[in-house]
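Encoded as structure tokens, the structure appears first; notes follow it.
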Amino acid sequence: MSEEFVANAMKAVPDAVAKSTVAIVVGANKAVSHLGSGFLLAIADARFVVTAAHVLDGGYPRTVGVTARPPAFVATSGEWMRSTGGAPNAHDFQDVAVYRLSDAQIERFDAASFLRLTEFCFEETLTDGYFLLSGFPGLWATTADQSNKTLSFRMLQYGGPAYNGDVVGLEAYDCAEHLLIEAREEGSFGPGGSEMDMRTRSGIRANFPGDLKGASGCGVWQIGSLTKSPETWAAADAKVVGFFTATYKRRQLIRATRCRAVTMLIGQAYPDLRDAIRLYA
């Protein structure tokens with residue numbers, strides 16, 4: 001990937017990508033650890049946090065939180081809605097979890113951006129797309145405990161084209177529910193296109209895309225079409241097409257669940273929001 005391509009692609013990334021991205025954390029046994037990533041969504045007057053359902057899996061007593069006004073976290077004291085309807089399910093193809101924020105919790109996200117459904121894309125065919133995911137992989141995260149008082153993580157952005165090849169043998173893949181993105185380390189960069197060294201905190205070369213875990217649940221955006229020159233891509237045209245749910249290491253692929261899974265879950269749980277959803281979905 002040339003520097004010119006990256007520079008043009010970065011011009012097409014809206015500020016809302018970083019401002020709507022949150023980290024999902026967990027508090028247990030007097031420690032706070034990084035779990036995954038997610039994004040903020042607004043539908044009418046309601047506000048939500050969206051992530052991958054598998055990010056929340058775990059059987060021990062704990063408190064799940066979401067990054068808000070730095071360095072604070074908002075504890076999600078209520079129940080998360082899941083596409084499984086409850087317990088973890090290995091056969092959940094949608095793999096979506098949504099949490100509705102209270103009015104008091106919403107106030108703590110004053111520096112963030114809540115995405116609107118006008119920024120979503122529900123198109124079925126995205127074969128020419130160039131996509132960007134923006135999340136917090138666990139390979140750089142630290143745990144806050146008695147010996148280390150600071151929880152830290154770093155944002156990674158990855159850009160790659162749609163994968164349109166053979167899908168035989170891809171476990172838990174459904175073309176109606178998912179889209180696939182080619183995963184190559186050279187597509188990784190920091191916010192704004194800065195150079196990103198894909199090494200763990202101990203200096204070991206990261207296994208890409210396997211070491212993207214921790215970014216699970218983050219939004220996936222289409223920032224351009226490869227049928228057009230990247231010079232013509234514009235931030236105003238970028239759309240959320242889904243959220244990151246899995247990787248296929250041997251095939252070097254990233255799987256994203258399509259946006260429809262999010263709106264379906266919210267519409268089922270909140271009938272009063274269905275009319276607002278139908279306007280766009």
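Residues in the structure tokens are numbered from 1 in each chain, the chains being A, B, ... in the order shown, and ligands are numbered from 1 in the order shown.
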If you count only C-alpha atoms, which residues fall within 8 Å of Phe39 in chain A, apart from same-chain ones fewer than 3 positions away, as a ChimeraX atom specification? /A:20-22,49-51,114,217-219
Could those selected residues go to a file with N, CA, C and O atoms, as a compact mmCIF listing (two decimals), in the first residue's frame?
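So again_1.txt came out as:
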```
# COMPACT_ATOMS: atom_id res chain seq x y z
N SER A 20 -16.75 7.84 17.95
CA SER A 20 -17.84 6.93 18.30
C SER A 20 -17.33 5.58 18.81
O SER A 20 -18.11 4.76 19.29
N THR A 21 -16.02 5.36 18.72
CA THR A 21 -15.43 4.08 19.12
C THR A 21 -15.14 4.07 20.61
O THR A 21 -14.56 5.02 21.14
N VAL A 22 -15.54 3.00 21.28
CA VAL A 22 -15.32 2.88 22.73
C VAL A 22 -14.63 1.55 23.03
O VAL A 22 -14.69 0.61 22.23
N VAL A 49 -24.86 1.38 23.28
CA VAL A 49 -23.51 0.89 23.02
C VAL A 49 -23.67 -0.44 22.29
O VAL A 49 -24.46 -1.30 22.70
N VAL A 50 -22.94 -0.61 21.19
CA VAL A 50 -23.00 -1.83 20.39
C VAL A 50 -21.65 -2.52 20.41
O VAL A 50 -20.60 -1.86 20.28
N THR A 51 -21.64 -3.83 20.58
CA THR A 51 -20.41 -4.61 20.51
C THR A 51 -20.73 -6.01 20.01
O THR A 51 -21.89 -6.33 19.71
N PHE A 114 -22.32 9.95 18.87
CA PHE A 114 -23.25 8.85 18.69
C PHE A 114 -23.64 8.80 17.21
O PHE A 114 -24.12 9.79 16.66
N GLY A 217 -16.02 -6.13 17.95
CA GLY A 217 -17.15 -5.29 18.32
C GLY A 217 -17.08 -3.89 17.76
O GLY A 217 -18.07 -3.15 17.80
N CYS A 218 -15.90 -3.47 17.24
CA CYS A 218 -15.78 -2.11 16.72
C CYS A 218 -16.51 -1.98 15.39
O CYS A 218 -16.76 -2.95 14.68
N GLY A 219 -16.86 -0.76 15.04
CA GLY A 219 -17.55 -0.51 13.79
C GLY A 219 -16.66 -0.73 12.58
O GLY A 219 -15.44 -0.55 12.65
```
Pro14 in chain A: which residues within 9 Å, counting only C-alpha atoms, same-chain residues fewer than 4 positions away excluded, as a PyMOL selection string? chain A and resi 10+18+223+234-238
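Comparing the minimum interatomic distances between Phe93 in chain A and each of A:Gly267, A:Leu179, A:Ala172, A:Gln252, counting only C-alpha atoms, we find that A:Ala172 sits nearest.
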Identify, on the basis of only C-alpha atoms, every residue whose closest approach to Phe48 in chain A does not exceed 8 Å; exclude the query and any residue fewer than 2 positions from it along the same chain; express the result as a PyMOL selection string. chain A and resi 40-42+46+50+98-101
Restricted to N, CA, C and O atoms, what would the selected residues look like written as a PDB file, in the first residue's frame?
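Output file result.pdb is given in full below:
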```pdb
ATOM      1  N   LEU A  40     -20.874   3.735  19.571  1.00  0.00           N
ATOM      2  CA  LEU A  40     -22.048   4.400  20.117  1.00  0.00           C
ATOM      3  C   LEU A  40     -23.062   4.672  19.016  1.00  0.00           C
ATOM      4  O   LEU A  40     -22.701   5.074  17.910  1.00  0.00           O
ATOM      5  N   LEU A  41     -24.336   4.476  19.335  1.00  0.00           N
ATOM      6  CA  LEU A  41     -25.406   4.614  18.349  1.00  0.00           C
ATOM      7  C   LEU A  41     -26.585   5.352  18.955  1.00  0.00           C
ATOM      8  O   LEU A  41     -26.951   5.104  20.114  1.00  0.00           O
ATOM      9  N   ALA A  42     -27.177   6.251  18.175  1.00  0.00           N
ATOM     10  CA  ALA A  42     -28.384   6.967  18.595  1.00  0.00           C
ATOM     11  C   ALA A  42     -29.518   6.644  17.625  1.00  0.00           C
ATOM     12  O   ALA A  42     -29.340   6.697  16.404  1.00  0.00           O
ATOM     13  N   ALA A  46     -33.087   7.588  21.952  1.00  0.00           N
ATOM     14  CA  ALA A  46     -32.398   6.519  22.668  1.00  0.00           C
ATOM     15  C   ALA A  46     -30.923   6.481  22.287  1.00  0.00           C
ATOM     16  O   ALA A  46     -30.544   6.801  21.163  1.00  0.00           O
ATOM     17  N   VAL A  50     -22.936  -0.607  21.192  1.00  0.00           N
ATOM     18  CA  VAL A  50     -23.004  -1.830  20.387  1.00  0.00           C
ATOM     19  C   VAL A  50     -21.645  -2.517  20.410  1.00  0.00           C
ATOM     20  O   VAL A  50     -20.605  -1.858  20.284  1.00  0.00           O
ATOM     21  N   VAL A  98     -26.143  -5.294  22.566  1.00  0.00           N
ATOM     22  CA  VAL A  98     -26.493  -3.879  22.624  1.00  0.00           C
ATOM     23  C   VAL A  98     -26.887  -3.523  24.047  1.00  0.00           C
ATOM     24  O   VAL A  98     -27.618  -4.271  24.705  1.00  0.00           O
ATOM     25  N   TYR A  99     -26.431  -2.371  24.515  1.00  0.00           N
ATOM     26  CA  TYR A  99     -26.786  -1.880  25.846  1.00  0.00           C
ATOM     27  C   TYR A  99     -27.404  -0.491  25.708  1.00  0.00           C
ATOM     28  O   TYR A  99     -26.828   0.390  25.056  1.00  0.00           O
ATOM     29  N   ARG A 100     -28.570  -0.295  26.314  1.00  0.00           N
ATOM     30  CA  ARG A 100     -29.216   1.017  26.276  1.00  0.00           C
ATOM     31  C   ARG A 100     -28.763   1.846  27.467  1.00  0.00           C
ATOM     32  O   ARG A 100     -28.861   1.420  28.622  1.00  0.00           O
ATOM     33  N   LEU A 101     -28.251   3.028  27.180  1.00  0.00           N
ATOM     34  CA  LEU A 101     -27.745   3.924  28.225  1.00  0.00           C
ATOM     35  C   LEU A 101     -28.883   4.711  28.860  1.00  0.00           C
ATOM     36  O   LEU A 101     -29.831   5.130  28.176  1.00  0.00           O
TER      37      LEU A 101
END
```
Range 89-232 of chain A: which residues are strand (DSSP E or B) by DSSP, as a PyMOL selection string? chain A and resi 96-100+115+120+129-135+144+156-162+178-182+188-189+199+205+219-225
Take the selection from the previous step and output its residues with C-alpha atoms, as a CSV table (one decimal), in the first residue's frame.
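Below is the file that was written, part-v1.csv:
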```csv
chain,number,residue,atom,x,y,z
A,96,VAL,CA,-24.4,-8.8,18.4
A,97,ALA,CA,-24.9,-7.2,21.9
A,98,VAL,CA,-26.5,-3.9,22.6
A,99,TYR,CA,-26.8,-1.9,25.8
A,100,ARG,CA,-29.2,1.0,26.3
A,115,LEU,CA,-23.8,7.5,15.2
A,120,PHE,CA,-25.4,3.2,8.2
A,129,GLY,CA,-15.7,-1.6,-1.2
A,130,TYR,CA,-12.6,-0.5,0.7
A,131,PHE,CA,-13.3,-0.8,4.4
A,132,LEU,CA,-11.9,0.6,7.7
A,133,LEU,CA,-12.2,-0.9,11.2
A,134,SER,CA,-11.2,1.1,14.2
A,135,GLY,CA,-10.8,-0.5,17.6
A,144,ALA,CA,-5.2,-1.9,36.2
A,156,LEU,CA,-5.6,0.6,15.7
A,157,GLN,CA,-7.2,1.4,12.3
A,158,TYR,CA,-7.1,-1.2,9.6
A,159,GLY,CA,-8.0,-0.6,5.9
A,160,GLY,CA,-8.6,-3.4,3.4
A,161,PRO,CA,-10.7,-4.3,0.4
A,162,ALA,CA,-13.7,-6.7,0.2
A,178,HIS,CA,-21.6,-11.2,7.1
A,179,LEU,CA,-19.1,-9.5,4.8
A,180,LEU,CA,-15.5,-10.4,4.4
A,181,ILE,CA,-12.4,-8.1,4.3
A,182,GLU,CA,-8.9,-9.0,3.2
A,188,SER,CA,-2.6,-1.3,9.6
A,189,PHE,CA,-2.1,2.2,10.8
A,199,ARG,CA,4.4,-5.7,17.8
A,205,ARG,CA,5.9,-9.6,16.2
A,219,GLY,CA,-17.6,-0.5,13.8
A,220,VAL,CA,-16.6,-1.3,10.2
A,221,TRP,CA,-16.9,1.5,7.7
A,222,GLN,CA,-16.9,1.6,3.9
A,223,ILE,CA,-14.8,4.7,3.1
A,224,GLY,CA,-14.5,4.2,-0.6
A,225,SER,CA,-15.1,2.1,-3.7
```
Please provide the set of residues having any atom within 10 Å of Thr118 in chain A, restricted to only C-alpha atoms, with same-chain residues fewer than 3 positions apart removed, written as a list in words.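 Skipping anything fewer than 3 positions along the chain leaves Ile43, Leu115, Cys121, Lys239, Val240, Leu279, Tyr280 and Ala281 of chain A.
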Which of range 25-136 of chain A DSSP labels alpha helix (DSSP H), written as a list in words: Asp103, Ala104, Gln105 and Ile106 of chain A
What does the distance from CA of Arg154 in chain A to CA of Gly36 in chain A come to in Å, to one decimal?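 So the answer is 11.8 Å.
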